[in-house]
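What follows is a single structure, written as structure tokens, with notes after it.
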Amino acid sequence: MPKYVLLLQFTDQGIRSVKETTKRAAAFRGEIAGKFGVKVSELLWTLGQYDGVVLAEAPNDEAMAACSLSVAKLGNVKIQTLRAFESSEMEALLGKV
């Protein structure tokens, strides 16, 4: 399955209710991600420009996009979704260059 890195930033709403962040993360990992066939392998809170990083796998780009949009519409985080490639996938891509 394709891999993705999601970079999260709290919105004003999200930081006001920051004490609920672990509960929201659990809901994302279970209910929301599962609805789209997304498997979350890591969910981390970070310091710096981004407040969190998620490593996930999804059946395809459309499933990951729908999952990201479903989380973003709740209003607690802004999400930047990045498609990630393993070494073997990158080798295959480079073979086409």
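Ligands are numbered from 1 in the order shown, residues from 1 within each chain, and chains are lettered A, B, ... in the order they appear in the structure tokens.
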Residues of segment 40-74 of chain A in strand (DSSP E or B), written as a ChimeraX atom specification: /A:40-45,52-57
Selection: 12 Å around segment 64-80 of chain A, only C-alpha atoms, excl. self and same-chain fewer than 4 positions, as a VMD selection string: chain A and resid 1 to 21 24 to 25 27 to 40 50 to 60
Save the residues we just selected, C-alpha atoms, as an mmCIF file, in the first residue's frame?
data_model
loop_
_atom_site.group_PDB
_atom_site.id
_atom_site.type_symbol
_atom_site.label_atom_id
_atom_site.label_comp_id
_atom_site.auth_asym_id
_atom_site.auth_seq_id
_atom_site.Cartn_x
_atom_site.Cartn_y
_atom_site.Cartn_z
ATOM 1 C CA MET A 1 0.000 0.000 0.000
ATOM 2 C CA PRO A 2 1.206 3.548 -0.667
ATOM 3 C CA LYS A 3 2.752 5.363 2.298
ATOM 4 C CA TYR A 4 2.059 8.910 3.442
ATOM 5 C CA VAL A 5 3.437 11.472 5.857
ATOM 6 C CA LEU A 6 0.894 13.895 7.306
ATOM 7 C CA LEU A 7 2.186 17.102 8.874
ATOM 8 C CA LEU A 8 -0.259 18.611 11.359
ATOM 9 C CA GLN A 9 -0.629 22.108 12.739
ATOM 10 C CA PHE A 10 -3.146 23.004 15.433
ATOM 11 C CA THR A 11 -5.758 25.556 14.442
ATOM 12 C CA ASP A 12 -6.955 28.133 16.976
ATOM 13 C CA GLN A 13 -9.810 25.752 17.810
ATOM 14 C CA GLY A 14 -7.409 22.837 18.179
ATOM 15 C CA ILE A 15 -5.062 24.644 20.548
ATOM 16 C CA ARG A 16 -7.956 25.901 22.694
ATOM 17 C CA SER A 17 -8.998 22.285 23.231
ATOM 18 C CA VAL A 18 -5.468 20.829 23.260
ATOM 19 C CA LYS A 19 -6.236 18.713 26.334
ATOM 20 C CA GLU A 20 -8.437 16.584 24.064
ATOM 21 C CA THR A 21 -5.675 15.951 21.501
ATOM 22 C CA ARG A 24 -8.929 13.049 18.986
ATOM 23 C CA ALA A 25 -5.850 11.102 17.885
ATOM 24 C CA ALA A 27 -10.574 8.601 17.165
ATOM 25 C CA PHE A 28 -8.531 9.378 14.059
ATOM 26 C CA ARG A 29 -6.457 6.207 14.360
ATOM 27 C CA GLY A 30 -9.537 4.037 14.813
ATOM 28 C CA GLU A 31 -12.825 5.301 13.478
ATOM 29 C CA ILE A 32 -11.853 7.898 10.893
ATOM 30 C CA ALA A 33 -8.826 6.198 9.326
ATOM 31 C CA GLY A 34 -10.519 2.798 9.343
ATOM 32 C CA LYS A 35 -13.481 4.175 7.411
ATOM 33 C CA PHE A 36 -11.134 4.850 4.469
ATOM 34 C CA GLY A 37 -8.916 1.785 4.807
ATOM 35 C CA VAL A 38 -6.049 3.909 6.139
ATOM 36 C CA LYS A 39 -3.615 2.223 8.518
ATOM 37 C CA VAL A 40 -1.813 4.581 10.928
ATOM 38 C CA TYR A 50 4.471 21.263 12.980
ATOM 39 C CA ASP A 51 2.548 20.074 16.024
ATOM 40 C CA GLY A 52 2.257 16.487 14.875
ATOM 41 C CA VAL A 53 3.388 13.915 12.334
ATOM 42 C CA VAL A 54 1.442 10.883 11.178
ATOM 43 C CA LEU A 55 2.889 7.968 9.215
ATOM 44 C CA ALA A 56 0.175 6.038 7.417
ATOM 45 C CA GLU A 57 -0.627 3.654 4.592
ATOM 46 C CA ALA A 58 -3.698 3.885 2.388
ATOM 47 C CA PRO A 59 -5.102 1.882 -0.516
ATOM 48 C CA ASN A 60 -4.626 4.869 -2.854
#
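Our summary of the geometry notes that atom CA of Leu93 of chain A is positioned 20.5 Å from atom CA of Glu62 of chain A.
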Those in chain A with alpha helix (DSSP H) from DSSP, as a ChimeraX atom specification: /A:12-16,21-27,33-35,61-72,87-95
Export of prior selection with C-alpha atoms as a PDB file, in the first residue's frame:
ATOM      1  CA  ASP A  12      -6.955  28.133  16.976  1.00  0.00           C
ATOM      2  CA  GLN A  13      -9.810  25.752  17.810  1.00  0.00           C
ATOM      3  CA  GLY A  14      -7.409  22.837  18.179  1.00  0.00           C
ATOM      4  CA  ILE A  15      -5.062  24.644  20.548  1.00  0.00           C
ATOM      5  CA  ARG A  16      -7.956  25.901  22.694  1.00  0.00           C
ATOM      6  CA  THR A  21      -5.675  15.951  21.501  1.00  0.00           C
ATOM      7  CA  THR A  22      -4.924  12.378  22.561  1.00  0.00           C
ATOM      8  CA  LYS A  23      -8.627  11.503  22.452  1.00  0.00           C
ATOM      9  CA  ARG A  24      -8.929  13.049  18.986  1.00  0.00           C
ATOM     10  CA  ALA A  25      -5.850  11.102  17.885  1.00  0.00           C
ATOM     11  CA  ALA A  26      -7.377   7.836  19.085  1.00  0.00           C
ATOM     12  CA  ALA A  27     -10.574   8.601  17.165  1.00  0.00           C
ATOM     13  CA  ALA A  33      -8.826   6.198   9.326  1.00  0.00           C
ATOM     14  CA  GLY A  34     -10.519   2.798   9.343  1.00  0.00           C
ATOM     15  CA  LYS A  35     -13.481   4.175   7.411  1.00  0.00           C
ATOM     16  CA  ASP A  61      -4.286   8.654  -3.027  1.00  0.00           C
ATOM     17  CA  GLU A  62      -8.048   9.149  -3.120  1.00  0.00           C
ATOM     18  CA  ALA A  63      -8.566   7.242   0.154  1.00  0.00           C
ATOM     19  CA  MET A  64      -5.801   9.231   1.862  1.00  0.00           C
ATOM     20  CA  ALA A  65      -7.179  12.529   0.542  1.00  0.00           C
ATOM     21  CA  ALA A  66     -10.692  11.707   1.757  1.00  0.00           C
ATOM     22  CA  CYS A  67      -9.327  10.708   5.161  1.00  0.00           C
ATOM     23  CA  SER A  68      -7.247  13.910   5.465  1.00  0.00           C
ATOM     24  CA  LEU A  69     -10.176  16.073   4.433  1.00  0.00           C
ATOM     25  CA  SER A  70     -12.461  14.331   6.924  1.00  0.00           C
ATOM     26  CA  VAL A  71     -10.039  15.161   9.739  1.00  0.00           C
ATOM     27  CA  ALA A  72      -9.403  18.723   8.564  1.00  0.00           C
ATOM     28  CA  SER A  87      13.751   2.782  -1.664  1.00  0.00           C
ATOM     29  CA  SER A  88      12.434   0.052  -3.979  1.00  0.00           C
ATOM     30  CA  GLU A  89       9.652   2.328  -5.223  1.00  0.00           C
ATOM     31  CA  MET A  90      12.143   5.125  -5.819  1.00  0.00           C
ATOM     32  CA  GLU A  91      14.398   2.752  -7.780  1.00  0.00           C
ATOM     33  CA  ALA A  92      11.465   1.840 -10.027  1.00  0.00           C
ATOM     34  CA  LEU A  93      10.712   5.532 -10.561  1.00  0.00           C
ATOM     35  CA  LEU A  94      14.339   6.288 -11.344  1.00  0.00           C
ATOM     36  CA  GLY A  95      14.305   3.520 -13.930  1.00  0.00           C
TER      37      GLY A  95
END
